[in-house]
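> Before I ask anything, let me first share the structure, which is written out below as structure tokens.
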Amino acid sequence: MTTMRTMGLAAVPFLLLALALAPRDAHACSPAQCMPTLVSPTDKAQVATDVPAFLFLPRLSWVSGLEPSFTADRFALEAQDGTQVPFHVEQVDAMVALVLDVPLVGGTWYYLRYPEYCPTYTPLDPPLQLARYFQALPSQPRGTFEVPDIYPYQHQVETTRVVTSSGSCTTEIQADVYRFGVESSVLGGWEAISRVETLVDGARWALTLPGEPDFSSYPSGDPATTNAGDRRPTALFSNCGPRTPGDDDGLTPGEHRVEVRFLVHGSTIPIPSATFTVTMGCPDPLPEPTPDQIDGFDVPAISDLAPPNDAVAADATPADASDLAPDPAPATSSGCQAGPPAPSGASPWAPLAAIAFALALLGLRRSKCPEPTGMKP
């Protein structure tokens with residue numbers, strides 16, 4: 001009896017391990033009910049005095065019939081001395097824009113108050129009142145914008161994280177990854193209120209969200225996508241391994257035309273985009289996954305970096321005219337790992353299995369020893 005009870009206790013870790021390894025339903029990867037509002041500009045940012053508007057992206061999923069109100073009385077914009085800044089509210093697809101009616105004053109700190117209906121995962125009614133602080137810097141009169149410079153950073157085969165069809169869950173694939181940077185200084189103080197959109201062969205590849213500018217490249221080892229699997233606008237990738245239905249395979253092998261442009265809502269001055277071509281492909285045989293540069297896999301030259309010709313320039317439209325809605329339901333996670341996944345080939349259950357095996361050995365060993373006397377059952 002004692003031996004059977006001891007072995008039964010020793011088997012508990014194995015039962016827990018089996019339950020943990022059981023397949024999970026796809027609903028475990030469903031997006032969270034709602035996430036905090038995204039705001040542009042970021043907190044403590046520096047902006048030019050002639051910024052046209054600020055953007056808000058509420059990320060809500062209402063279940064109780066609560067309808068949020070994003071009218072002007074829900075917002076406030078005032079200088080550090082209490083001076084109110086007049087503005088009006090515009091609906092921009094899934095976003096809310098505070099369009100300024102007068103310019104800001106250089107060298108002044110401002111308070112931007114806005115409603116927060118969902119600071120965690122539960123809708124609030126009434127909402128919280130949160131604030132952002134930023135400083136306005138004097139800006140020169142604007143004429144035309146220059147074409148932003150694009151510079152190549154890295155091109156290699158590596159393991160990267162991509163989104164799957166199971167919701168916000170991600171998986172790792174071996175891919176040809178190309179990173180580049182875009183020079184944002186041409187915006188002259190509008191960086192904090194701009195978004196970056198990357199198009200490949202005319203189709204949207206990635207679009208940053210309000211308050212999440214992505215101007216520069218990412219070093220070796222960092223994923224080409226976010227923790228939620230969203231594509232970064234300054235990183236292109238093409239799957240080099242098996243193609244699993246539902247996984248984001250990125251670009252097809254071959255040459256592609258890439259266009260990068262800044263979106264600033266309310267701008268009346270066209271901001272020209274930068275274009276270049278890049279060739280994606282995978283070496284044969286495929287090298288082992290490594291964060292280092294792959295020897296013999298040359299970085300393709302970026303071409304067509306000159307300003308667009310007259311025909312392209314004539315077709316340029318103000319950034320707000322192409323201010324498309326963000327991709328539906330920005331990926332959030334309510335059941336999947338939000339941080340970087342485990343290294344390729346490593347099992348996260350290995351430590352648990354080792355502990356279970358050690359406990360089992362301990363239980364068997366104790367079953368062979370005489371049980372102490374004088375103990376109550």
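By order in the structure tokens, chains are A, B, ...; within a chain, residues start at 1; ligands start at 1, following the order shown.
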Report as a PyMOL selection string: the residues of region 57-238 of chain A with a DSSP assignment of helix (DSSP H, G or I), based on the backbone of this structure.

chain A and resi 72-74+185-187+191-193

> Take the selection from the previous step and output its residues with C-alpha atoms, as a PDB file, in the first residue's frame.


```
ATOM      1  CA  ALA A  72     -14.065  67.272 -28.299  1.00  0.00           C
ATOM      2  CA  ASP A  73     -15.193  67.630 -24.696  1.00  0.00           C
ATOM      3  CA  ARG A  74     -13.423  64.368 -23.900  1.00  0.00           C
ATOM      4  CA  SER A 185      15.000  64.226 -40.320  1.00  0.00           C
ATOM      5  CA  VAL A 186      13.300  65.500 -43.484  1.00  0.00           C
ATOM      6  CA  LEU A 187      10.113  65.773 -41.401  1.00  0.00           C
ATOM      7  CA  GLU A 191       8.581  62.659 -36.468  1.00  0.00           C
ATOM      8  CA  ALA A 192       6.571  62.142 -33.283  1.00  0.00           C
ATOM      9  CA  ILE A 193       3.219  62.493 -35.072  1.00  0.00           C
TER      10      ILE A 193
END
```

> Quick check for you: according to DSSP on this backbone, which residues of region 140-305 of chain A are classed as strand (DSSP E)? Reply as a VMD selection string.

chain A and resid 150 to 163 170 to 182 195 to 200 203 to 207 235 to 239 254 to 263 274 to 280

> Quick one: residues within 8 Å of region 171-178 of chain A, only C-alpha atoms, excluding same-chain residues fewer than 2 positions away - as a compact mmCIF listing (two decimals) with C-alpha atoms, in the first residue's frame?


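Contents of the output file selection_5.txt:
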```txt
# COMPACT_ATOMS: atom_id res chain seq x y z
CA TYR A 153 21.58 47.62 -43.14
CA GLN A 154 21.65 43.84 -43.34
CA HIS A 155 20.65 40.93 -45.53
CA GLN A 156 20.90 37.39 -44.18
CA VAL A 157 19.14 34.08 -43.65
CA GLU A 158 17.99 33.74 -40.05
CA THR A 159 15.24 32.42 -37.81
CA THR A 160 12.50 34.96 -37.33
CA ARG A 161 9.03 35.10 -35.79
CA VAL A 162 5.87 35.38 -37.89
CA VAL A 163 2.15 35.34 -37.25
CA THR A 164 0.03 32.24 -37.81
CA CYS A 169 0.03 33.28 -31.77
CA PHE A 180 17.02 48.91 -44.00
CA ALA A 224 11.72 40.99 -38.39
CA ALA A 235 12.36 44.70 -42.41
CA LEU A 236 11.38 42.47 -45.33
CA PHE A 237 11.43 38.68 -45.23
CA SER A 238 10.78 35.65 -47.42
CA ASN A 239 10.22 32.16 -46.04
CA CYS A 240 13.07 29.78 -46.85
CA GLY A 241 11.64 26.68 -45.18
CA ASP A 247 1.77 31.07 -41.59
CA MET A 280 14.77 38.20 -52.09
CA GLY A 281 15.95 34.62 -52.29
CA CYS A 282 17.37 31.71 -50.34
CA PRO A 289 20.10 29.12 -38.60
CA SER A 344 14.91 27.07 -32.36
```

> Set the distance at 9 Å and use only C-alpha atoms: which residues neighbour Arg232 (chain A) once local chain neighbours fewer than 5 positions away are removed? I'd like the list as a ChimeraX atom specification.

/A:198,205-208,214,224-226

> May I have the selected residues written with N, CA and C atoms, as a PDB file, in the first residue's frame?


```pdb
ATOM      1  N   THR A 198       5.049  51.057 -45.506  1.00  0.00           N
ATOM      2  CA  THR A 198       5.886  50.408 -46.507  1.00  0.00           C
ATOM      3  C   THR A 198       5.002  49.612 -47.445  1.00  0.00           C
ATOM      4  N   TRP A 205       2.807  46.479 -47.088  1.00  0.00           N
ATOM      5  CA  TRP A 205       3.578  45.486 -46.358  1.00  0.00           C
ATOM      6  C   TRP A 205       3.436  45.707 -44.847  1.00  0.00           C
ATOM      7  N   ALA A 206       3.567  46.956 -44.419  1.00  0.00           N
ATOM      8  CA  ALA A 206       3.462  47.260 -42.992  1.00  0.00           C
ATOM      9  C   ALA A 206       3.099  48.717 -42.815  1.00  0.00           C
ATOM     10  N   LEU A 207       2.463  49.016 -41.683  1.00  0.00           N
ATOM     11  CA  LEU A 207       2.087  50.379 -41.324  1.00  0.00           C
ATOM     12  C   LEU A 207       2.227  50.530 -39.827  1.00  0.00           C
ATOM     13  N   THR A 208       3.035  51.488 -39.381  1.00  0.00           N
ATOM     14  CA  THR A 208       3.161  51.712 -37.942  1.00  0.00           C
ATOM     15  C   THR A 208       1.889  52.324 -37.393  1.00  0.00           C
ATOM     16  N   ASP A 214       8.731  53.810 -36.616  1.00  0.00           N
ATOM     17  CA  ASP A 214       9.774  52.826 -36.876  1.00  0.00           C
ATOM     18  C   ASP A 214      10.601  53.347 -38.050  1.00  0.00           C
ATOM     19  N   ALA A 224      12.219  40.074 -37.362  1.00  0.00           N
ATOM     20  CA  ALA A 224      11.719  40.987 -38.386  1.00  0.00           C
ATOM     21  C   ALA A 224      10.268  41.358 -38.142  1.00  0.00           C
ATOM     22  N   THR A 225       9.672  40.761 -37.122  1.00  0.00           N
ATOM     23  CA  THR A 225       8.305  41.082 -36.755  1.00  0.00           C
ATOM     24  C   THR A 225       8.252  41.388 -35.263  1.00  0.00           C
ATOM     25  N   THR A 226       7.133  41.944 -34.816  1.00  0.00           N
ATOM     26  CA  THR A 226       6.956  42.261 -33.404  1.00  0.00           C
ATOM     27  C   THR A 226       6.633  40.986 -32.630  1.00  0.00           C
TER      28      THR A 226
END
```

> Between CA of Arg257 (chain A) and CA of Asp201 (chain A), what is the spacing in Å?

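Computing the Euclidean distance for CA of Asp201 (chain A) and CA of Arg257 (chain A) yields 5.1 Å.
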
> Tell me which of A:Phe75, A:Phe87, A:Phe262, A:Phe145 sits closest to Tyr111 (chain A), counting only C-alpha atoms.

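Of A:Phe75, A:Phe87, A:Phe262, A:Phe145, the one nearest Tyr111 (chain A), counting only C-alpha atoms, is A:Phe75.
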
> List the neighbours of Thr71 (chain A) out to 12 Å using only C-alpha atoms; skip same-chain residues closer than 4 positions along the sequence, and give me the result as a PDB file with N, CA and C atoms, in the first residue's frame.


```pdb
ATOM      1  N   PHE A  75     -11.462  65.625 -24.667  1.00  0.00           N
ATOM      2  CA  PHE A  75     -10.032  65.905 -24.806  1.00  0.00           C
ATOM      3  C   PHE A  75      -9.731  67.306 -24.272  1.00  0.00           C
ATOM      4  N   ALA A  76      -8.462  67.525 -23.977  1.00  0.00           N
ATOM      5  CA  ALA A  76      -8.007  68.848 -23.557  1.00  0.00           C
ATOM      6  C   ALA A  76      -6.558  69.012 -23.969  1.00  0.00           C
ATOM      7  N   PHE A  87      -8.933  73.318 -30.875  1.00  0.00           N
ATOM      8  CA  PHE A  87      -8.795  72.202 -31.815  1.00  0.00           C
ATOM      9  C   PHE A  87     -10.183  71.690 -32.146  1.00  0.00           C
ATOM     10  N   HIS A  88     -10.269  70.831 -33.126  1.00  0.00           N
ATOM     11  CA  HIS A  88     -11.515  70.128 -33.421  1.00  0.00           C
ATOM     12  C   HIS A  88     -11.193  68.660 -33.694  1.00  0.00           C
ATOM     13  N   VAL A  89     -12.195  67.819 -33.523  1.00  0.00           N
ATOM     14  CA  VAL A  89     -12.022  66.369 -33.623  1.00  0.00           C
ATOM     15  C   VAL A  89     -12.490  65.879 -34.985  1.00  0.00           C
ATOM     16  N   GLU A  90     -11.693  65.018 -35.575  1.00  0.00           N
ATOM     17  CA  GLU A  90     -12.052  64.372 -36.837  1.00  0.00           C
ATOM     18  C   GLU A  90     -11.923  62.860 -36.667  1.00  0.00           C
ATOM     19  N   GLN A  91     -12.858  62.129 -37.280  1.00  0.00           N
ATOM     20  CA  GLN A  91     -12.779  60.672 -37.287  1.00  0.00           C
ATOM     21  C   GLN A  91     -11.990  60.247 -38.514  1.00  0.00           C
ATOM     22  N   VAL A  96      -8.970  58.579 -34.102  1.00  0.00           N
ATOM     23  CA  VAL A  96      -9.515  59.890 -33.785  1.00  0.00           C
ATOM     24  C   VAL A  96      -8.376  60.889 -33.911  1.00  0.00           C
ATOM     25  N   ALA A  97      -8.625  61.993 -34.629  1.00  0.00           N
ATOM     26  CA  ALA A  97      -7.596  63.015 -34.821  1.00  0.00           C
ATOM     27  C   ALA A  97      -8.014  64.302 -34.139  1.00  0.00           C
ATOM     28  N   LEU A  98      -7.072  64.888 -33.390  1.00  0.00           N
ATOM     29  CA  LEU A  98      -7.242  66.225 -32.830  1.00  0.00           C
ATOM     30  C   LEU A  98      -6.510  67.189 -33.751  1.00  0.00           C
ATOM     31  N   TYR A 114      -6.659  62.893 -22.617  1.00  0.00           N
ATOM     32  CA  TYR A 114      -7.513  62.093 -23.496  1.00  0.00           C
ATOM     33  C   TYR A 114      -8.220  61.016 -22.679  1.00  0.00           C
ATOM     34  N   PRO A 115      -9.343  60.479 -23.191  1.00  0.00           N
ATOM     35  CA  PRO A 115     -10.083  59.445 -22.457  1.00  0.00           C
ATOM     36  C   PRO A 115      -9.467  58.072 -22.685  1.00  0.00           C
TER      37      PRO A 115
END
```

> Tell me which protein, DNA and RNA residues are within 10 Å of Leu100 (chain A), counting only C-alpha atoms, leaving out same-chain ones fewer than 6 positions away, and put them as a PyMOL selection string.

chain A and resi 50-54+77+85-89+266

> Produce a file of the selected residues containing N, CA and C atoms, as an mmCIF file, in the first residue's frame.


```cif
data_model
loop_
_atom_site.group_PDB
_atom_site.id
_atom_site.type_symbol
_atom_site.label_atom_id
_atom_site.label_comp_id
_atom_site.auth_asym_id
_atom_site.auth_seq_id
_atom_site.Cartn_x
_atom_site.Cartn_y
_atom_site.Cartn_z
ATOM 1 N N ASP A 50 4.326 73.749 -35.719
ATOM 2 C CA ASP A 50 3.300 73.725 -36.763
ATOM 3 C C ASP A 50 2.722 72.329 -36.997
ATOM 4 N N VAL A 51 2.822 71.451 -36.004
ATOM 5 C CA VAL A 51 2.230 70.119 -36.186
ATOM 6 C C VAL A 51 0.737 70.276 -36.473
ATOM 7 N N PRO A 52 0.220 69.532 -37.463
ATOM 8 C CA PRO A 52 -1.189 69.733 -37.835
ATOM 9 C C PRO A 52 -2.186 69.005 -36.943
ATOM 10 N N ALA A 53 -1.814 67.838 -36.401
ATOM 11 C CA ALA A 53 -2.809 67.056 -35.659
ATOM 12 C C ALA A 53 -2.129 65.991 -34.819
ATOM 13 N N PHE A 54 -2.879 65.491 -33.846
ATOM 14 C CA PHE A 54 -2.469 64.353 -33.035
ATOM 15 C C PHE A 54 -3.441 63.210 -33.280
ATOM 16 N N LEU A 77 -6.222 70.197 -24.483
ATOM 17 C CA LEU A 77 -4.845 70.522 -24.873
ATOM 18 C C LEU A 77 -4.537 71.906 -24.313
ATOM 19 N N VAL A 85 -5.507 75.432 -25.992
ATOM 20 C CA VAL A 85 -5.228 75.421 -27.425
ATOM 21 C C VAL A 85 -6.481 74.942 -28.148
ATOM 22 N N PRO A 86 -7.060 75.765 -29.024
ATOM 23 C CA PRO A 86 -8.279 75.339 -29.725
ATOM 24 C C PRO A 86 -7.991 74.242 -30.743
ATOM 25 N N PHE A 87 -8.933 73.318 -30.875
ATOM 26 C CA PHE A 87 -8.795 72.202 -31.815
ATOM 27 C C PHE A 87 -10.183 71.690 -32.146
ATOM 28 N N HIS A 88 -10.269 70.831 -33.126
ATOM 29 C CA HIS A 88 -11.515 70.128 -33.421
ATOM 30 C C HIS A 88 -11.193 68.660 -33.694
ATOM 31 N N VAL A 89 -12.195 67.819 -33.523
ATOM 32 C CA VAL A 89 -12.022 66.369 -33.623
ATOM 33 C C VAL A 89 -12.490 65.879 -34.985
ATOM 34 N N GLY A 266 -3.467 65.655 -41.745
ATOM 35 C CA GLY A 266 -3.659 67.097 -41.746
ATOM 36 C C GLY A 266 -2.622 67.869 -42.520
#
```

> Near Leu137 (chain A), counting only C-alpha atoms, which residues have an atom at most 12 Å away, once you skip same-chain residues fewer than 5 positions from it, shown as a VMD selection string?

chain A and resid 45 to 51 103 to 110 188 to 190

> Just checking: using only C-alpha atoms, which residue out of A:Glu255, A:Asp149, A:Asp222, A:Asp230 ends up closest to Ser273 (chain A)?

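For Ser273 (chain A), the nearest of the given residues is A:Asp149.
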
> Report, in Å with one decimal, the straight-line distance from CA of Thr279 (chain A) to CA of Phe215 (chain A).

21.3 Å
